[in-house]
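The structure appears below as structure tokens.
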Amino acid sequence: MSKKVRNAIIVLIFGNFLVCIGMSLIFPVMPFIKNELHLSATDMGIMNSLFALAQLIASPIVGQISDKIGRKPILVYGLLLYMVSEVLFALTNWLWMFDISRTIGGLSAAMVVPTTNALAADLTTPRQRARVIGLLSAAFSGGLILGPGIGGILAKFDYKTPFWFAAVLGFLSMLSLLFMLPSETEIKKIASRNDVPPVLTERKYSKASWEQTKKLFSGPMGLLFVLILISSFGLVGFESIYSLYVNEVYKFTMENIALVLTLNGLTSLTFQALLFDRLVVWLTEKRLIRYCFFLSFAGTIWIMLAHSKLEVIIATLIVFTAYDLIRPAITTLLTKASATAQGLINGVNMSLTSVGNIIGPIMSGALLDMNYHYPYIVVTVFLVASWLMTYKVKQKFTVSL
């Protein structure tokens with residue numbers, strides 16, 4: 001891997017990480033916002049779901065556009081929108097403005113996250129790709145997990161501070177992508193040397209994209225997409241009301257929440273960045289996915305039955321670490337299955353993640369308004385179903401588009 005490609009991968013990882021931090025900064029300050037503005041848990045769930053709704057609508061479109069016109073412009077403008085979203089959230093105290101901010105943030109995530117995965121596939125050889133995808137997935141999941149911890153720490157000064165901080169980082173990340181990524185011509189040359197077919201960046205989607213998308217959902221790849229949907233529902237359903245749940249049931253303070261989520265984020269990043277490759281070699285992606293779903297539902301049950309804060313912390317550590325190994329394992333299997341439509345595959349991947357992210361917060365918020373244990377009971381049912389479905393997953397398969 002050349003120095004130019006290595007630097008490009010580094011800024012892609014940072015951009016992915018940053019946008020995913022923006023998704024989850026809100027979680028530790030949710031109890032404060034809810035009480036300050038006299039909102040319900042359902043209101044908070046809808047606010048979070050709007051982010052995912054924008055992702056759902058935009059992700060497949062953005063994935064196809066990036067295949068056609070290039071990755072770099074999409075990434076730069078995506079980070080610009082990210083900065084706008086964070087500034088807007090920091091400036092307002094109105095629920096409808098919060099909702100607009102989260103919607104813009106979702107559009108930004110749709111532009112950045114799948115495009116970074118597609119560009120990473122362009123820039124790497126098949127042998128390098130699994131490790132780079134693992135690092136990008138670590139950035140994705142690490143941002144989701146570290147975001148609440150960072151938000152909780154910065155919120156000690158003011159609950160708007162995390163969003164000003166994210167806006168500044170968004171601006172710096174946009175500049176780094178603008179000046180450090182190779183030009184589109186260079187990207188195509190690198191992709192050609194890496195045996196990535198030119199169709200990856202030149203494909204015409206106007207007539208065939210719908211048929212190709214339907215083909216993705218047939219056979220073994222369709223099952224993986226279903227697992228992506230369910231795992232994203234479980235993660236966001238779990239995390240979106242976590243701070244409200246532990247604050248009410250176990251009397252966690254904002255400092256407690258920030259500590260727990262930061263510790264979990266560091267643990268998950270360690271597993272993804274340093275141990276993921278070894279776990280895949282030892283277990284294969286299929287077994288790793290299966291074991292992680294099992295640990296996820298077991299840990300969720302433990303949280304509901306815990307008798308102390310220490311038990312909650314340990315169980316939370318297990319759940320988040322398992323969740324954050326599921327995504328890169330599934331993503332790696334998807335990238336191995338087809339080399340000709342990485343933009344489309346990653347766009348569909350993000351769209352399904354968005355569906356789970358829409359359903360999870362709204363359902364969890366509504367259930368939380370009824371009873372604090374209902375959301376995690378429902379999440380557990382979905383996780384058990386996912387665990388059983390992993391016995392149908394194939395380790396090796398190929399999809400031709």
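Labels used: A, B, ... for chains in the order of the structure tokens, numbers from 1 for residues in each chain, and numbers from 1 for ligands as shown.
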
Find the residues around A:Gly45 up to 7 Å (only C-alpha atoms counted), leave out those fewer than 5 positions away in its own chain, and share them as a PyMOL selection string.
-> chain A and resi 361-362+365

Could you pull the residues within 9 Å of A:Met389, counting only C-alpha atoms, minus those fewer than 3 positions along the same chain, as a ChimeraX atom specification?
-> /A:223,227,290,384-386,392-393

Could the residues in this selection be written to a file with N, CA and C atoms, as an mmCIF file, in the first residue's frame?
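Result saved to selection-v4.cif:
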data_model
loop_
_atom_site.group_PDB
_atom_site.id
_atom_site.type_symbol
_atom_site.label_atom_id
_atom_site.label_comp_id
_atom_site.auth_asym_id
_atom_site.auth_seq_id
_atom_site.Cartn_x
_atom_site.Cartn_y
_atom_site.Cartn_z
ATOM 1 N N LEU A 223 -30.067 -12.915 3.267
ATOM 2 C CA LEU A 223 -30.092 -13.267 4.680
ATOM 3 C C LEU A 223 -29.168 -12.352 5.487
ATOM 4 N N LEU A 227 -30.034 -9.732 8.617
ATOM 5 C CA LEU A 227 -29.307 -9.674 9.885
ATOM 6 C C LEU A 227 -28.781 -8.263 10.161
ATOM 7 N N ARG A 290 -22.637 -15.491 14.801
ATOM 8 C CA ARG A 290 -23.530 -16.299 15.637
ATOM 9 C C ARG A 290 -23.241 -16.103 17.122
ATOM 10 N N VAL A 384 -32.684 -12.954 19.730
ATOM 11 C CA VAL A 384 -32.798 -14.418 19.732
ATOM 12 C C VAL A 384 -33.142 -14.917 18.332
ATOM 13 N N ALA A 385 -34.062 -14.226 17.657
ATOM 14 C CA ALA A 385 -34.416 -14.603 16.286
ATOM 15 C C ALA A 385 -33.203 -14.503 15.366
ATOM 16 N N SER A 386 -32.399 -13.453 15.540
ATOM 17 C CA SER A 386 -31.194 -13.284 14.720
ATOM 18 C C SER A 386 -30.199 -14.400 14.975
ATOM 19 N N LYS A 392 -28.367 -20.404 9.231
ATOM 20 C CA LYS A 392 -28.631 -20.516 7.798
ATOM 21 C C LYS A 392 -27.616 -19.750 6.960
ATOM 22 N N VAL A 393 -26.731 -19.003 7.601
ATOM 23 C CA VAL A 393 -25.759 -18.191 6.874
ATOM 24 C C VAL A 393 -24.694 -19.071 6.231
#

Contacts of A:Leu18 at 10 Å or less, counting only C-alpha atoms, minus same-chain residues fewer than 5 places along, as a count of residues only?
-> 19

Shell of 12 Å around A:Ile33, only C-alpha atoms, local chain residues under 3 positions omitted, as a PyMOL selection string = chain A and resi 26-30+36-41+43-44+47+89+92-95+98+155+158-160+243-244

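For the choices A:Gly356, A:Gly234, A:Pro182, A:Gly149, the atom-to-atom distance to A:Leu263 is smallest for A:Gly149 when using only C-alpha atoms.
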
Using the chain letters and numbers from this document, which residues of stretch 6-255 of chain A does DSSP assign to helix (DSSP H, G or I), as an MDAnalysis selection string?
-> chainID A and resid 6:24 27:36 41:69 71:91 95:123 126:154 161:180 184:193 199:202 209:216 220:240 242:249 254:255

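Atom CA of A:Pro31 to atom CA of A:Glu255 spans 12.6 Å [interatomic distance, one decimal].
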
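Distances to A:Asn264 were evaluated for A:Ile359, A:Ile326, A:Leu146, A:Val168 using only C-alpha atoms, and the minimum falls at A:Leu146.
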
Skip stretch 315-317 of chain A itself and residues of its chain fewer than 4 positions away, then list as an MDAnalysis selection string all residues within 9 Å of it, counting only C-alpha atoms.
-> chainID A and resid 260:261 263:265 267:268 298:303 306 310:311 321:322

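Distances from A:Trp96, A:Phe51, A:Phe238, A:Phe17 to A:Ser351 were compared using only C-alpha atoms, and the smallest one belongs to A:Phe51.
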
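Excluding stretch 103-106 of chain A and any residue on its chain fewer than 6 positions from it, the residues at most 7 Å away by only C-alpha atoms are Leu50, Phe51, Ala52, Ala54, Gln55, Leu81, Tyr82 and Ser85 of chain A.
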
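Across A:Gly15, A:Pro60, A:Pro375, A:Pro328, the tightest approach to A:Val132 is made by A:Pro328 when counting only C-alpha atoms.
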
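Distance annotation: of A:Val355, A:Ile345, A:Ile150, A:Ile21, the residue with the minimal separation from A:Phe233 is A:Val355; atom set is only C-alpha atoms.
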
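Taking atom CA of A:Leu295 as the reference point, atom CA of A:Tyr323 is found at 8.8 Å.
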
Residues within 9 Å of stretch 56-59 of chain A, only C-alpha atoms, excluding chain neighbours under 3 positions, as JSON, numbers by chain = {"A": [51, 52, 53, 62, 63, 64, 106, 107, 109, 110, 111, 113, 114, 346, 347, 348, 349, 350, 351, 352, 353, 354, 355, 358]}
